[in-house]
file work.txt (compact mmCIF, C-alpha atoms)
# COMPACT_ATOMS: atom_id res chain seq x y z
CA MET A 1 9.41 -4.56 -20.38
CA ASP A 2 8.04 -1.85 -18.10
CA LEU A 3 5.05 -2.55 -15.87
CA THR A 4 2.23 -0.10 -15.17
CA TYR A 5 0.11 -0.72 -12.05
CA ASP A 6 -3.39 0.70 -12.08
CA GLY A 7 -6.64 -0.10 -10.30
CA ARG A 8 -5.80 -3.72 -9.37
CA ALA A 9 -4.75 -4.32 -12.98
CA LEU A 10 -1.40 -4.45 -14.77
CA VAL A 11 -0.34 -3.08 -18.15
CA LEU A 12 2.37 -4.84 -20.18
CA GLU A 13 3.11 -2.90 -23.36
CA ASP A 14 -0.26 -3.00 -25.20
CA THR A 15 -1.80 -5.67 -22.97
CA LEU A 16 -3.99 -5.08 -19.94
CA VAL A 17 -4.14 -7.89 -17.35
CA VAL A 18 -6.73 -8.43 -14.61
CA ALA A 19 -7.02 -11.46 -12.34
CA ASP A 20 -9.60 -13.12 -10.13
CA CYS A 21 -12.75 -11.29 -11.23
CA HIS A 22 -14.83 -14.01 -9.52
CA VAL A 23 -17.94 -12.80 -11.31
CA GLY A 24 -20.97 -14.00 -9.35
CA ARG A 25 -19.42 -13.83 -5.90
CA GLY A 26 -22.06 -12.56 -3.52
CA THR A 27 -25.02 -12.99 -5.88
CA GLY A 28 -28.27 -14.09 -4.34
CA GLY A 29 -27.85 -12.11 -1.11
CA GLU A 30 -27.39 -8.59 0.16
CA LEU A 31 -24.02 -8.37 -1.59
CA GLU A 32 -25.44 -9.01 -5.06
CA PHE A 33 -23.56 -7.07 -7.72
CA PRO A 34 -25.35 -4.47 -9.79
CA VAL A 35 -25.55 -6.07 -13.23
CA GLY A 36 -25.03 -5.05 -16.82
CA SER A 37 -23.11 -2.08 -18.19
CA GLY A 38 -23.76 -0.07 -15.02
CA SER A 39 -22.21 -2.60 -12.65
CA GLU A 40 -19.29 -1.55 -10.47
CA MET A 41 -16.93 -4.15 -11.89
CA VAL A 42 -17.78 -3.40 -15.51
CA GLU A 43 -17.39 0.33 -14.95
CA ARG A 44 -13.95 -0.07 -13.35
CA PHE A 45 -13.00 -2.34 -16.24
CA ARG A 46 -14.27 0.24 -18.73
CA ASP A 47 -12.24 2.99 -17.07
CA LEU A 48 -9.06 0.91 -17.36
CA VAL A 49 -9.64 0.04 -21.01
CA GLU A 50 -10.46 3.63 -21.96
CA ARG A 51 -7.45 4.97 -20.06
CA HIS A 52 -4.84 2.56 -21.45
CA GLU A 53 -6.36 1.67 -24.85
CA PRO A 54 -4.87 -1.87 -24.93
CA ASP A 55 -4.81 -4.06 -27.99
CA GLU A 56 -5.50 -7.07 -25.79
CA VAL A 57 -7.00 -7.72 -22.37
CA VAL A 58 -6.09 -10.94 -20.55
CA VAL A 59 -8.03 -12.33 -17.59
CA ALA A 60 -5.47 -14.25 -15.55
CA GLY A 61 -7.88 -16.86 -14.25
CA ASP A 62 -10.99 -17.17 -12.11
CA LEU A 63 -13.21 -15.07 -14.33
CA LEU A 64 -16.08 -16.89 -12.61
CA HIS A 65 -16.69 -17.67 -8.95
CA SER A 66 -19.15 -20.55 -8.73
CA PHE A 67 -18.11 -24.10 -9.55
CA GLN A 68 -21.65 -25.33 -10.18
CA THR A 69 -24.11 -22.64 -11.29
CA VAL A 70 -24.04 -19.58 -13.53
CA PRO A 71 -26.83 -17.14 -12.61
CA ARG A 72 -28.17 -14.74 -15.24
CA THR A 73 -26.44 -11.89 -13.41
CA VAL A 74 -23.11 -13.59 -14.17
CA GLU A 75 -23.92 -13.87 -17.87
CA THR A 76 -24.84 -10.18 -17.90
CA THR A 77 -21.62 -9.07 -16.22
CA VAL A 78 -19.41 -11.20 -18.48
CA ALA A 79 -21.30 -9.81 -21.47
CA GLY A 80 -20.59 -6.32 -20.12
CA LEU A 81 -16.86 -6.99 -19.90
CA ARG A 82 -16.92 -8.40 -23.40
CA ALA A 83 -18.82 -5.39 -24.73
CA VAL A 84 -16.23 -2.99 -23.29
CA CYS A 85 -13.49 -4.77 -25.23
CA ARG A 86 -15.54 -5.00 -28.40
CA GLU A 87 -16.34 -1.27 -28.31
CA SER A 88 -12.67 -0.38 -27.82
CA GLY A 89 -11.36 -2.85 -30.38
CA ALA A 90 -9.41 -4.85 -27.79
CA ARG A 91 -9.16 -8.65 -27.98
CA LEU A 92 -10.28 -10.35 -24.76
CA VAL A 93 -8.48 -13.58 -23.78
CA VAL A 94 -9.13 -15.82 -20.75
CA THR A 95 -6.52 -18.03 -19.10
CA PRO A 96 -8.71 -20.35 -16.99
CA GLY A 97 -8.30 -20.66 -13.24
CA ASN A 98 -9.37 -23.32 -10.78
CA HIS A 99 -12.80 -21.70 -10.36
CA ASP A 100 -13.54 -21.63 -14.10
CA THR A 101 -15.17 -25.05 -14.38
CA MET A 102 -18.31 -23.49 -15.90
CA LEU A 103 -16.45 -21.13 -18.22
CA ASP A 104 -17.76 -22.61 -21.46
CA SER A 105 -21.34 -21.77 -20.40
CA VAL A 106 -20.68 -18.02 -20.68
CA TRP A 107 -17.50 -17.72 -22.76
CA ASP A 108 -16.84 -18.84 -26.33
CA GLY A 109 -13.94 -16.49 -27.00
CA PRO A 110 -10.18 -17.11 -26.96
CA ILE A 111 -8.89 -19.37 -24.16
CA GLU A 112 -5.20 -19.97 -23.47
CA ARG A 113 -3.70 -22.00 -20.62
CA GLU A 114 -0.94 -19.41 -20.47
CA TYR A 115 -0.60 -16.31 -22.61
CA ARG A 116 2.71 -14.88 -23.77
CA VAL A 117 3.37 -11.16 -23.96
CA GLY A 118 6.96 -10.73 -25.11
CA ASP A 119 9.19 -12.22 -22.40
CA THR A 120 6.25 -12.58 -19.97
CA LEU A 121 3.79 -15.43 -19.46
CA VAL A 122 0.36 -14.62 -18.03
CA LEU A 123 -1.52 -17.43 -16.28
CA HIS A 124 -3.69 -17.99 -13.23
CA GLY A 125 -0.92 -19.49 -11.10
CA HIS A 126 -2.76 -22.37 -9.42
CA GLU A 127 -0.58 -24.80 -11.37
CA ALA A 128 3.04 -24.72 -12.47
CA PRO A 129 3.49 -23.16 -15.93
CA GLU A 130 4.45 -25.23 -18.94
CA GLY A 131 6.40 -22.48 -20.69
CA ASP A 132 9.62 -20.72 -19.74
CA ALA A 133 9.69 -16.94 -19.39
CA ASP A 134 11.67 -14.11 -17.84
CA ARG A 135 8.56 -13.07 -15.92
CA TYR A 136 5.35 -14.78 -14.82
CA VAL A 137 2.22 -12.73 -14.10
CA VAL A 138 -0.30 -14.58 -11.95
CA GLY A 139 -3.25 -14.18 -9.61
CA HIS A 140 -4.85 -16.90 -7.48
CA ASP A 141 -3.82 -15.90 -3.92
CA HIS A 142 -5.64 -12.51 -3.70
CA PRO A 143 -2.82 -10.77 -1.77
CA THR A 144 -3.46 -7.95 0.70
CA ILE A 145 -1.05 -6.20 3.03
CA GLU A 146 -1.92 -4.85 6.49
CA ILE A 147 -0.44 -1.45 7.30
CA GLU A 148 -1.29 0.35 10.55
CA GLY A 149 -4.25 -1.94 11.09
CA GLN A 150 -5.73 -1.41 7.63
CA ARG A 151 -5.69 -4.08 4.93
CA ARG A 152 -5.10 -3.04 1.35
CA PRO A 153 -5.06 -5.10 -1.86
CA CYS A 154 -1.52 -5.33 -3.17
CA TYR A 155 0.62 -6.63 -5.97
CA LEU A 156 3.58 -8.80 -5.00
CA VAL A 157 6.78 -8.59 -7.05
CA GLY A 158 9.70 -10.96 -6.60
CA GLU A 159 12.84 -11.44 -8.68
CA GLY A 160 14.24 -14.96 -9.07
CA GLN A 161 11.05 -16.33 -7.59
CA TYR A 162 10.35 -19.23 -9.97
CA ARG A 163 12.94 -21.00 -12.14
CA GLY A 164 15.13 -17.94 -11.63
CA SER A 165 12.46 -15.67 -13.13
CA GLU A 166 10.44 -12.79 -11.74
CA VAL A 167 6.90 -13.36 -10.50
CA VAL A 168 4.28 -10.62 -10.31
CA MET A 169 1.10 -11.53 -8.41
CA LEU A 170 -2.00 -9.40 -8.91
CA PRO A 171 -4.65 -8.61 -6.31
CA SER A 172 -8.20 -9.78 -6.96
CA PHE A 173 -10.11 -7.48 -9.32
CA ASN A 174 -13.28 -8.27 -7.36
CA LYS A 175 -13.68 -5.88 -4.43
CA LEU A 176 -15.87 -8.40 -2.58
CA ASN A 177 -12.87 -10.69 -2.09
CA ALA A 178 -11.42 -9.92 1.32
CA GLY A 179 -8.07 -11.27 0.19
CA VAL A 180 -5.29 -13.03 2.06
CA ARG A 181 -3.13 -11.10 4.53
CA VAL A 182 0.44 -11.75 3.38
CA ASN A 183 2.36 -9.91 6.12
CA THR A 184 3.54 -13.04 7.91
CA MET A 185 3.03 -15.71 5.26
CA SER A 186 5.76 -18.15 4.30
CA ALA A 187 6.16 -19.51 0.78
CA GLY A 188 4.47 -22.76 1.82
CA GLU A 189 1.36 -20.87 2.88
CA PHE A 190 0.79 -19.42 -0.58
CA GLN A 191 -1.44 -21.52 -2.81
CA SER A 192 0.50 -20.73 -5.97
CA PRO A 193 3.49 -23.01 -6.64
CA LEU A 194 5.23 -20.06 -8.29
CA VAL A 195 5.96 -18.51 -4.88
CA THR A 196 9.20 -20.00 -3.57
CA ASP A 197 10.58 -17.24 -1.33
CA ALA A 198 7.97 -15.09 0.41
CA ASP A 199 10.61 -12.91 2.08
CA SER A 200 11.73 -11.57 -1.30
CA LEU A 201 8.23 -10.54 -2.42
CA ALA A 202 7.86 -6.77 -2.43
CA PRO A 203 4.32 -5.36 -1.98
CA VAL A 204 3.08 -2.63 -4.29
CA VAL A 205 -0.13 -0.87 -3.25
CA TRP A 206 -2.34 1.11 -5.62
CA ASP A 207 -3.75 4.19 -3.90
CA GLU A 208 -7.14 4.80 -5.53
CA HIS A 209 -7.55 8.30 -4.09
CA ALA A 210 -4.08 9.58 -5.03
CA ARG A 211 -4.08 7.49 -8.22
CA GLU A 212 -0.51 6.36 -7.67
CA THR A 213 1.41 3.31 -6.52
CA LYS A 214 3.31 2.96 -3.28
CA ALA A 215 6.17 0.46 -3.26
CA PHE A 216 7.32 -1.19 -0.03
CA PRO A 217 10.41 -3.23 0.90
CA PRO A 218 10.31 -7.03 0.45
CA LEU A 219 8.24 -8.85 3.06
CA GLY A 220 11.32 -10.19 4.87
CA GLU A 221 12.41 -6.62 5.59
CA PHE A 222 8.95 -5.12 5.79
CA ARG A 223 7.95 -7.41 8.67
CA ARG A 224 10.70 -5.96 10.82
CA LEU A 225 9.42 -2.43 10.17
CA LEU A 226 5.85 -3.13 11.24
call {"tool": "encode", "arguments": {"input": "work.txt", "output": "structure tokens"}}
result
Amino acid sequence: MDLTYDGRALVLEDTLVVADCHVGRGTGGELEFPVGSGSEMVERFRDLVERHEPDEVVVAGDLLHSFQTVPRTVETTVAGLRAVCRESGARLVVTPGNHDTMLDSVWDGPIEREYRVGDTLVLHGHEAPEGDADRYVVGHDHPTIEIEGQRRPCYLVGEGQYRGSEVVMLPSFNKLNAGVRVNTMSAGEFQSPLVTDADSLAPVVWDEHARETKAFPPLGEFRRLL
């Protein structure tokens, strides 16, 4: 199954995957998100859905940010994401993450611990998966890669990473998340148990301006080049 990288999201056949939206991060201060259909996150989400016309959209965990409260701005943004899918005819599914303790207060749609797309399982990645698959698509760690002093959100792709299967880790869809610099990280420093060999993880960076991906060697080799 071919993968398409685009705008911090991933396309698997007719399924669009985003991870770590962390809706509500920064609310209540100077970083408060614009809300509703005009918000930055909803508009980027709309662009992706309109461009790829998926049958399904899966949020790979941490749709929400706060563990304890759900401000009205959060309800509005989640409603905006939902409206985008409804207008396009796409089914929106959430695989809960560790931050989604308040999920049922804003979401009454489909929830799956892990969601299968052909030979791939989509899940948040904070816990070991129950199902077997040829590929696991996860979020959770918010990977970024530093190149020439500049940090960029990145995907991480590693064959034979978990139970002999490939793991693809998505960057956070929320631009307010600074992310974790993976340049020198070992497997034990990743929060996801699906990462077993950091040296074999290859970064893929989406260039928003050029609208193309840039693939780099696995971290074990890449570190020697920096």
call {"tool": "closest_residue", "arguments": {"input": "work.txt", "among": "A:Leu194, A:Ile145, A:Ala79, A:Val182", "to": "Trp107 (chain A)", "atoms": "all atoms listed in the file"}}
result
A:Ala79
call {"tool": "residues_around", "arguments": {"input": "work.txt", "residues": "His124 (chain A)", "least_positions_apart": "5", "cutoff": "7 Å", "atoms": "only C-alpha atoms", "output": "count of residues only"}}
result
8
call {"tool": "residues_around", "arguments": {"input": "work.txt", "residues": "region 161-172 of chain A", "least_positions_apart": "6", "cutoff": "9 Å", "atoms": "all atoms listed in the file", "output": "MDAnalysis selection string"}}
result
chainID A and resid 8:10 17:22 60 125 132:144 153:155 178:179 193:198 200:201
call {"tool": "closest_residue", "arguments": {"input": "work.txt", "among": "A:Cys85, A:Ala202, A:Leu48, A:Leu63", "to": "Asp6 (chain A)", "atoms": "all atoms listed in the file"}}
result
A:Leu48
call {"tool": "residues_around", "arguments": {"input": "work.txt", "residues": "Pro218 (chain A)", "least_positions_apart": "2", "cutoff": "9 Å", "atoms": "only C-alpha atoms", "output": "PDB file with C-alpha atoms, in the frame of the given file"}}
result
ATOM      1  CA  LEU A 156       3.580  -8.800  -5.000  1.00  0.00           C
ATOM      2  CA  VAL A 157       6.780  -8.590  -7.050  1.00  0.00           C
ATOM      3  CA  GLY A 158       9.700 -10.960  -6.600  1.00  0.00           C
ATOM      4  CA  ALA A 198       7.970 -15.090   0.410  1.00  0.00           C
ATOM      5  CA  ASP A 199      10.610 -12.910   2.080  1.00  0.00           C
ATOM      6  CA  SER A 200      11.730 -11.570  -1.300  1.00  0.00           C
ATOM      7  CA  LEU A 201       8.230 -10.540  -2.420  1.00  0.00           C
ATOM      8  CA  ALA A 202       7.860  -6.770  -2.430  1.00  0.00           C
ATOM      9  CA  PRO A 203       4.320  -5.360  -1.980  1.00  0.00           C
ATOM     10  CA  PHE A 216       7.320  -1.190  -0.030  1.00  0.00           C
ATOM     11  CA  GLY A 220      11.320 -10.190   4.870  1.00  0.00           C
ATOM     12  CA  GLU A 221      12.410  -6.620   5.590  1.00  0.00           C
ATOM     13  CA  PHE A 222       8.950  -5.120   5.790  1.00  0.00           C
ATOM     14  CA  ARG A 223       7.950  -7.410   8.670  1.00  0.00           C
TER      15      ARG A 223
END
call {"tool": "closest_residue", "arguments": {"input": "work.txt", "among": "A:Asp14, A:Glu56, A:Glu114, A:Glu146", "to": "Ala128 (chain A)", "atoms": "all atoms listed in the file"}}
result
A:Glu114
call {"tool": "closest_residue", "arguments": {"input": "work.txt", "among": "A:Arg224, A:Arg82, A:Arg152, A:Arg116", "to": "Leu12 (chain A)", "atoms": "all atoms listed in the file"}}
result
A:Arg116
call {"tool": "atom_distance", "arguments": {"input": "work.txt", "atom1": "CA of Leu92 (chain A)", "atom2": "CA of Asp55 (chain A)"}}
result
8.9 Å
call {"tool": "closest_residue", "arguments": {"input": "work.txt", "among": "A:His52, A:Phe173, A:Glu112, A:Ala210", "to": "Val11 (chain A)", "atoms": "all atoms listed in the file"}}
result
A:His52
call {"tool": "closest_residue", "arguments": {"input": "work.txt", "among": "A:Asn98, A:Gln150, A:Thr120, A:Thr213", "to": "Ser192 (chain A)", "atoms": "only C-alpha atoms"}}
result
A:Asn98
call {"tool": "atom_distance", "arguments": {"input": "work.txt", "atom1": "CA of Val180 (chain A)", "atom2": "CA of Arg151 (chain A)"}}
result
9.4 Å
call {"tool": "atom_distance", "arguments": {"input": "work.txt", "atom1": "CA of Asp47 (chain A)", "atom2": "CA of Leu16 (chain A)"}}
result
11.9 Å
